[in-house]
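As stored in structure.cif (mmCIF, C-alpha atoms and all ligand atoms):
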```
data_data
loop_
_atom_site.label_atom_id
_atom_site.label_comp_id
_atom_site.auth_asym_id
_atom_site.auth_seq_id
_atom_site.Cartn_x
_atom_site.Cartn_y
_atom_site.Cartn_z
CA MET A 1258 34.24 169.73 -107.36
CA ASN A 1259 33.88 168.07 -103.98
CA ARG A 1260 37.13 166.26 -103.06
CA TYR A 1261 35.13 163.49 -101.35
CA LEU A 1262 32.91 162.76 -104.39
CA LYS A 1263 34.63 159.43 -105.04
CA ASN A 1264 34.12 158.26 -101.45
CA ASN A 1265 30.65 157.56 -102.86
CA LEU A 1266 29.03 158.15 -99.45
CA SER A 1267 25.77 159.89 -98.62
CA LYS A 1268 26.01 163.60 -97.75
CA GLU A 1269 24.97 162.75 -94.17
CA ILE A 1270 27.71 160.15 -93.67
CA GLN A 1271 30.36 162.40 -95.26
CA GLU A 1272 29.34 165.21 -92.91
CA ILE A 1273 29.56 162.85 -89.92
CA LEU A 1274 33.13 161.95 -90.96
CA GLN A 1275 34.04 165.62 -91.38
CA SER A 1276 32.81 166.46 -87.88
CA ALA A 1277 34.52 163.43 -86.27
CA LYS A 1278 37.58 163.67 -84.04
CA VAL A 1279 39.99 160.73 -83.98
CA LEU A 1280 43.03 160.31 -81.72
CA ILE A 1281 45.84 158.33 -83.34
CA CYS A 1282 48.24 156.88 -80.75
CA GLY A 1283 51.47 156.23 -82.61
CA CYS A 1284 52.64 157.86 -85.87
CA GLY A 1285 54.97 155.04 -86.96
CA GLY A 1286 54.19 151.97 -89.09
CA LEU A 1287 50.50 151.52 -88.29
CA GLY A 1288 50.00 155.22 -87.64
CA SER A 1289 51.32 156.34 -91.03
CA GLY A 1290 48.84 154.07 -92.82
CA VAL A 1291 45.95 155.05 -90.53
CA ILE A 1292 46.72 158.77 -90.87
CA SER A 1293 46.71 158.64 -94.68
CA ASN A 1294 43.51 156.55 -94.84
CA LEU A 1295 41.62 158.76 -92.35
CA ALA A 1296 42.81 161.91 -94.14
CA GLY A 1297 41.51 160.45 -97.40
CA LEU A 1298 38.12 159.71 -95.82
CA GLY A 1299 37.92 163.32 -94.65
CA ILE A 1300 37.91 162.89 -90.87
CA GLY A 1301 37.64 166.49 -89.61
CA THR A 1302 40.07 166.44 -86.69
CA LEU A 1303 43.08 164.17 -86.24
CA GLY A 1304 44.98 164.10 -82.94
CA LEU A 1305 48.51 162.74 -83.33
CA CYS A 1306 50.31 161.29 -80.34
CA ASP A 1307 53.92 160.05 -80.50
CA PHE A 1308 57.10 161.02 -78.66
CA ASP A 1309 59.49 159.48 -81.22
CA LYS A 1310 61.47 161.29 -83.90
CA VAL A 1311 61.74 160.19 -87.51
CA GLU A 1312 64.69 157.84 -88.11
CA ILE A 1313 66.06 156.56 -91.39
CA THR A 1314 65.05 152.98 -90.45
CA ASN A 1315 61.37 154.09 -90.36
CA LEU A 1316 61.36 154.97 -94.05
CA ASN A 1317 60.93 151.39 -95.35
CA ARG A 1318 57.24 151.51 -94.35
CA GLN A 1319 56.23 154.94 -93.00
CA PHE A 1320 55.50 156.72 -96.27
CA ILE A 1321 54.14 159.97 -94.83
CA HIS A 1322 57.57 160.79 -93.32
CA LYS A 1323 60.00 162.38 -95.74
CA TYR A 1324 63.77 161.87 -95.84
CA GLU A 1325 64.28 165.56 -95.03
CA ASN A 1326 62.24 165.12 -91.83
CA ILE A 1327 64.70 162.71 -90.19
CA GLY A 1328 65.30 164.02 -86.67
CA LYS A 1329 61.95 165.84 -86.44
CA PHE A 1330 59.16 164.70 -84.13
CA LYS A 1331 56.91 162.21 -85.99
CA THR A 1332 53.89 164.24 -84.89
CA GLU A 1333 55.28 167.34 -86.67
CA SER A 1334 56.32 165.37 -89.75
CA ALA A 1335 52.83 163.78 -89.91
CA ARG A 1336 51.14 167.18 -89.48
CA GLU A 1337 53.18 168.48 -92.44
CA TRP A 1338 52.02 165.59 -94.62
CA ILE A 1339 48.36 165.98 -93.63
CA LYS A 1340 48.38 169.73 -94.27
CA SER A 1341 50.03 169.30 -97.69
CA TYR A 1342 47.50 166.59 -98.61
CA ASN A 1343 44.32 168.09 -97.15
CA PRO A 1344 44.55 171.53 -95.52
CA ASP A 1345 40.91 171.31 -94.35
CA ILE A 1346 41.78 168.73 -91.69
CA GLU A 1347 42.39 170.12 -88.22
CA VAL A 1348 45.51 168.60 -86.66
CA LYS A 1349 46.52 168.54 -83.00
CA THR A 1350 49.87 167.11 -81.98
CA TYR A 1351 51.12 165.61 -78.71
CA ALA A 1352 54.85 164.80 -78.72
CA GLU A 1353 54.55 162.83 -75.46
CA PRO A 1354 53.18 159.49 -74.25
CA ALA A 1355 49.38 159.06 -74.56
CA LYS A 1356 47.40 160.20 -71.51
CA GLU A 1357 43.88 159.50 -70.39
CA TRP A 1358 42.77 163.16 -70.73
CA MET A 1359 43.59 163.09 -74.44
CA PHE A 1360 40.95 160.37 -74.97
CA SER A 1361 38.29 162.65 -73.44
CA GLU A 1362 38.78 165.18 -76.26
CA TYR A 1363 38.10 162.73 -79.13
CA ASP A 1364 35.27 160.50 -80.36
CA ILE A 1365 37.45 157.46 -81.01
CA ALA A 1366 41.04 156.40 -80.36
CA VAL A 1367 43.23 154.18 -82.54
CA ASP A 1368 46.04 152.03 -81.16
CA CYS A 1369 48.93 152.30 -83.60
CA THR A 1370 51.67 151.51 -81.09
CA ASP A 1371 54.09 148.59 -81.22
CA ASN A 1372 54.35 147.89 -77.49
CA PHE A 1373 51.97 145.72 -75.47
CA LYS A 1374 52.51 147.58 -72.23
CA ILE A 1375 51.24 150.76 -73.93
CA LYS A 1376 48.46 148.84 -75.71
CA PHE A 1377 47.06 147.79 -72.32
CA GLN A 1378 47.30 151.39 -71.09
CA LEU A 1379 45.34 152.61 -74.12
CA ASN A 1380 42.74 149.89 -73.50
CA ASP A 1381 42.31 151.14 -69.92
CA PHE A 1382 42.16 154.83 -70.98
CA ALA A 1383 39.36 153.88 -73.40
CA LEU A 1384 37.47 152.03 -70.64
CA ASN A 1385 37.88 154.90 -68.16
CA THR A 1386 36.77 157.59 -70.63
CA ASP A 1387 34.13 155.41 -72.35
CA LYS A 1388 35.62 156.01 -75.80
CA PRO A 1389 35.71 153.33 -78.53
CA LEU A 1390 39.19 152.04 -79.36
CA VAL A 1391 40.43 150.20 -82.43
CA HIS A 1392 43.36 147.94 -81.58
CA ALA A 1393 45.86 146.47 -84.03
CA GLY A 1394 49.23 144.82 -83.80
CA VAL A 1395 51.81 143.37 -86.16
CA GLN A 1396 54.50 140.79 -85.50
CA GLY A 1397 56.62 139.57 -88.40
CA GLU A 1398 54.26 138.20 -91.05
CA GLN A 1399 51.20 138.23 -88.78
CA GLY A 1400 48.81 140.88 -87.58
CA GLN A 1401 45.54 141.30 -85.72
CA VAL A 1402 42.76 143.87 -85.45
CA MET A 1403 39.87 144.25 -83.00
CA SER A 1404 37.45 147.03 -82.06
CA ILE A 1405 36.35 147.79 -78.52
CA ILE A 1406 33.24 149.61 -77.35
CA PRO A 1407 33.92 150.08 -73.62
CA HIS A 1408 31.75 148.11 -71.20
CA GLN A 1409 29.69 146.72 -74.09
CA THR A 1410 32.12 144.48 -75.96
CA SER A 1411 35.19 142.49 -74.98
CA CYS A 1412 38.38 144.49 -74.40
CA LEU A 1413 42.05 143.68 -74.90
CA ARG A 1414 42.26 142.28 -71.36
CA CYS A 1415 39.29 139.97 -72.02
CA VAL A 1416 41.32 138.51 -74.90
CA LEU A 1417 44.84 138.51 -73.46
CA GLY A 1418 44.32 138.59 -69.69
CA ASP A 1419 46.73 140.81 -67.80
CA ASN A 1420 49.77 139.65 -69.69
CA SER A 1421 51.29 143.06 -70.43
CA GLU A 1422 54.94 142.05 -70.84
CA GLU A 1423 56.95 144.36 -73.01
CA THR A 1424 57.60 142.97 -76.45
CA GLU A 1425 60.53 143.80 -78.64
CA ASN A 1426 59.73 145.26 -82.03
CA SER A 1427 62.07 143.76 -84.58
CA GLY A 1428 60.57 145.45 -87.63
CA VAL A 1429 58.18 144.48 -90.39
CA ILE A 1430 57.83 144.89 -94.16
CA SER A 1431 55.62 147.62 -95.53
CA PRO A 1432 52.84 145.57 -97.26
CA VAL A 1433 52.13 143.70 -94.01
CA VAL A 1434 51.88 146.72 -91.70
CA ASN A 1435 50.05 148.82 -94.27
CA THR A 1436 47.41 146.10 -94.87
CA ILE A 1437 46.73 145.87 -91.13
CA ALA A 1438 46.62 149.69 -90.96
CA ALA A 1439 44.06 149.74 -93.80
CA ILE A 1440 41.76 147.29 -91.96
CA GLU A 1441 42.21 149.26 -88.74
CA SER A 1442 41.17 152.42 -90.64
CA LEU A 1443 38.11 150.64 -92.03
CA GLU A 1444 37.04 149.76 -88.49
CA VAL A 1445 37.36 153.44 -87.50
CA PHE A 1446 35.19 154.33 -90.49
CA LYS A 1447 32.53 151.75 -89.51
CA LEU A 1448 32.48 152.96 -85.90
CA ILE A 1449 31.99 156.57 -86.96
CA ALA A 1450 29.63 156.05 -89.89
CA ASN A 1451 27.54 153.14 -88.56
CA LYS A 1452 28.17 153.36 -84.80
CA GLU A 1453 29.35 149.76 -84.94
CA ALA A 1454 32.21 147.75 -86.33
CA ALA A 1455 32.82 144.36 -87.91
CA LEU A 1456 35.32 143.27 -85.26
CA LEU A 1457 33.38 143.63 -82.01
CA ASN A 1458 33.71 140.68 -79.61
CA LYS A 1459 36.09 139.13 -82.11
CA VAL A 1460 39.66 139.44 -83.30
CA LEU A 1461 40.75 139.19 -86.93
CA PHE A 1462 44.08 137.35 -87.20
CA ILE A 1463 45.89 137.50 -90.53
CA ASN A 1464 48.85 135.34 -91.44
CA PHE A 1465 50.40 136.86 -94.55
CA LYS A 1466 52.58 133.80 -95.19
CA ASN A 1467 49.62 131.83 -96.55
CA TYR A 1468 46.96 134.58 -96.59
CA SER A 1469 44.96 132.95 -93.84
CA PHE A 1470 42.30 135.31 -92.45
CA LYS A 1471 40.74 133.97 -89.24
CA THR A 1472 38.12 135.71 -87.13
CA ILE A 1473 37.95 134.31 -83.61
CA ASP A 1474 35.10 135.16 -81.21
CA PHE A 1475 36.04 136.49 -77.78
CA SER A 1476 33.07 137.27 -75.58
CA LYS A 1477 33.43 139.53 -72.56
CA ASN A 1478 35.33 137.87 -69.73
CA PRO A 1479 33.15 138.20 -66.59
CA HIS A 1480 36.30 138.50 -64.43
CA CYS A 1481 37.81 141.31 -66.54
CA ILE A 1482 38.07 144.87 -65.16
CA CYS A 1483 35.94 146.04 -68.09
ZN ZN B 1501 37.71 143.22 -70.73
#
```
Step by step, read the file and then write its structure as structure tokens.
Amino acid sequence: MNRYLKNNLSKEIQEILQSAKVLICGCGGLGSGVISNLAGLGIGTLGLCDFDKVEITNLNRQFIHKYENIGKFKTESAREWIKSYNPDIEVKTYAEPAKEWMFSEYDIAVDCTDNFKIKFQLNDFALNTDKPLVHAGVQGEQGQVMSIIPHQTSCLRCVLGDNSEETENSGVISPVVNTIAAIESLEVFKLIANKEAALLNKVLFINFKNYSFKTIDFSKNPHCIC
């Protein structure tokens, strides 16, 4: 029996997913959720980029990392989970900061980092290599998701200007970060399967305190580097 039967997708779309290559920048809170969702969909190649090691304080929300993997690189711990779940997926690991050349080797990149300075770097790598990027972020009980098709739709700088101050990550509960990771994964699916996404030229803001979902339009800023 085909393990993707219950994806309920056409053979063509399932084959497109299985030949797709996705670079996941960050294997922590957002990354763990994105990795498990993309592995379930059957994405053929997953690139994992993260220079952090698994710590006990990650385990409240990062379910792919096992207790026994504390102290290992997150990329290695994530590779172990993927291979035990779906050995057909090809996995490449980069235990170092994301670089522009990595983007060139994939169809799409996913921003699963928790640091705005790096988020802006990833935005610029996507623009320079002309690769779509799905951005997401979580702060406390709020999160946001947007998709970027370079030079066609608004980018992170169109939305936030050049305000790339470092932000401190004070942690987040699992249902919040995993919900944002699920929506981020859905955007990756839409970009691969349909060549478009629901969150182009707009940002979805979710406030989990009162379940407010707001989609705000952001057209391309004519003064932006993109
Ligand atoms: Zn822009």
Around ligand ZN 1501 (chain B), which protein and nucleic acid residues have at least one atom no more than 7 Å from it, if we count all atoms listed in the file? List them as an mmCIF file with C-alpha atoms, in the coordinates of the input.
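Written file, pocket36.cif:
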```
data_model
loop_
_atom_site.group_PDB
_atom_site.id
_atom_site.type_symbol
_atom_site.label_atom_id
_atom_site.label_comp_id
_atom_site.auth_asym_id
_atom_site.auth_seq_id
_atom_site.Cartn_x
_atom_site.Cartn_y
_atom_site.Cartn_z
ATOM 1 C CA SER A 1411 35.190 142.490 -74.980
ATOM 2 C CA CYS A 1412 38.380 144.490 -74.400
ATOM 3 C CA LEU A 1413 42.050 143.680 -74.900
ATOM 4 C CA ARG A 1414 42.260 142.280 -71.360
ATOM 5 C CA CYS A 1415 39.290 139.970 -72.020
ATOM 6 C CA LYS A 1477 33.430 139.530 -72.560
ATOM 7 C CA ASN A 1478 35.330 137.870 -69.730
ATOM 8 C CA CYS A 1481 37.810 141.310 -66.540
ATOM 9 C CA ILE A 1482 38.070 144.870 -65.160
ATOM 10 C CA CYS A 1483 35.940 146.040 -68.090
#
```
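If all atoms listed in the file are the atoms counted, then among A:Glu1312, A:Asp1345, A:Glu1333, A:Asp1381 the closest residue to Gly1299 of chain A is A:Asp1345.
When only C-alpha atoms are used to measure the gap to Thr1436 of chain A, the shortest distance among A:Glu1325, A:Ser1476, A:Glu1398, A:Thr1314 belongs to A:Glu1398.
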For this session: Name all residues at most 10 Å from Glu1272 of chain A (count all atoms listed in the file; drop same-chain ones fewer than 6 positions away) and give them as number ranges by chain.
Result: A: 1266, 1299-1301, 1450
Problem set entry | Non-local contacts of Asn1380 of chain A (12 Å; all atoms listed in the file; under 2 positions in same chain excluded) as a count of residues only | 45
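Take the candidates A:Ser1289, A:Asn1259, A:Gln1275, A:Ser1361 and check each one against Glu1347 of chain A using all atoms listed in the file; the shortest distance goes to A:Gln1275.
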For this session: Quick one: everything within 7 Å of Asp1364 of chain A, counting all atoms listed in the file, minus sequence neighbours fewer than 5 positions away in the same chain. Send it as a PyMOL selection string.
Result: chain A and resi 1277-1279+1388
Exercise. If you measure from atom CA of Ile1292 of chain A to atom CA of Gly1304 of chain A, what distance in Å do you get, rounded to one decimal?
Worked result: 9.7 Å
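Nearest residue to Glu1337 of chain A among A:Thr1350, A:Ser1431, A:Asn1451, A:Asn1317 is A:Thr1350, counting all atoms listed in the file.
Minimum atom-to-atom distance to Glu1441 of chain A, evaluated using all atoms listed in the file, belongs to A:Gly1288 out of A:Gly1428, A:Pro1344, A:Pro1354, A:Gly1288.
Taking all atoms listed in the file into account, Asn1343 of chain A lies nearest to A:Leu1298 out of the set A:Cys1284, A:Ile1430, A:Leu1298, A:Ala1455.
Atom CA of Lys1329 of chain A is found 28.8 Å from atom CA of Leu1443 of chain A.
For the atom pair formed by atom CA of Val1429 of chain A and atom CA of His1322 of chain A, the distance is 16.6 Å, given to one decimal.
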Exercise. Any idea what's packed within 12 Å of Phe1330 of chain A, counting all atoms listed in the file, ignoring anything in its chain fewer than 6 positions away? Could you give it as a ChimeraX atom specification?
Worked result: /A:1283-1285,1305-1312,1322-1323,1336-1337,1350-1353
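The residue set within 12 Å of Thr1472 of chain A, counting all atoms listed in the file and dropping same-chain residues fewer than 4 places from it, reads Gly1400, Gln1401, Val1402, Met1403, Ala1455, Leu1456, Leu1457, Asn1458, Lys1459, Val1460, Leu1461, Phe1462, Ile1463 and Asn1464 of chain A.
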Take the residues from that selection and put them in a file with C-alpha atoms, as a PDB file, in the coordinates of the input.
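Wrote it out as selection27.pdb, contents follow:
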```pdb
ATOM      1  CA  GLY A1400      48.810 140.880 -87.580  1.00  0.00           C
ATOM      2  CA  GLN A1401      45.540 141.300 -85.720  1.00  0.00           C
ATOM      3  CA  VAL A1402      42.760 143.870 -85.450  1.00  0.00           C
ATOM      4  CA  MET A1403      39.870 144.250 -83.000  1.00  0.00           C
ATOM      5  CA  ALA A1455      32.820 144.360 -87.910  1.00  0.00           C
ATOM      6  CA  LEU A1456      35.320 143.270 -85.260  1.00  0.00           C
ATOM      7  CA  LEU A1457      33.380 143.630 -82.010  1.00  0.00           C
ATOM      8  CA  ASN A1458      33.710 140.680 -79.610  1.00  0.00           C
ATOM      9  CA  LYS A1459      36.090 139.130 -82.110  1.00  0.00           C
ATOM     10  CA  VAL A1460      39.660 139.440 -83.300  1.00  0.00           C
ATOM     11  CA  LEU A1461      40.750 139.190 -86.930  1.00  0.00           C
ATOM     12  CA  PHE A1462      44.080 137.350 -87.200  1.00  0.00           C
ATOM     13  CA  ILE A1463      45.890 137.500 -90.530  1.00  0.00           C
ATOM     14  CA  ASN A1464      48.850 135.340 -91.440  1.00  0.00           C
TER      15      ASN A1464
END
```
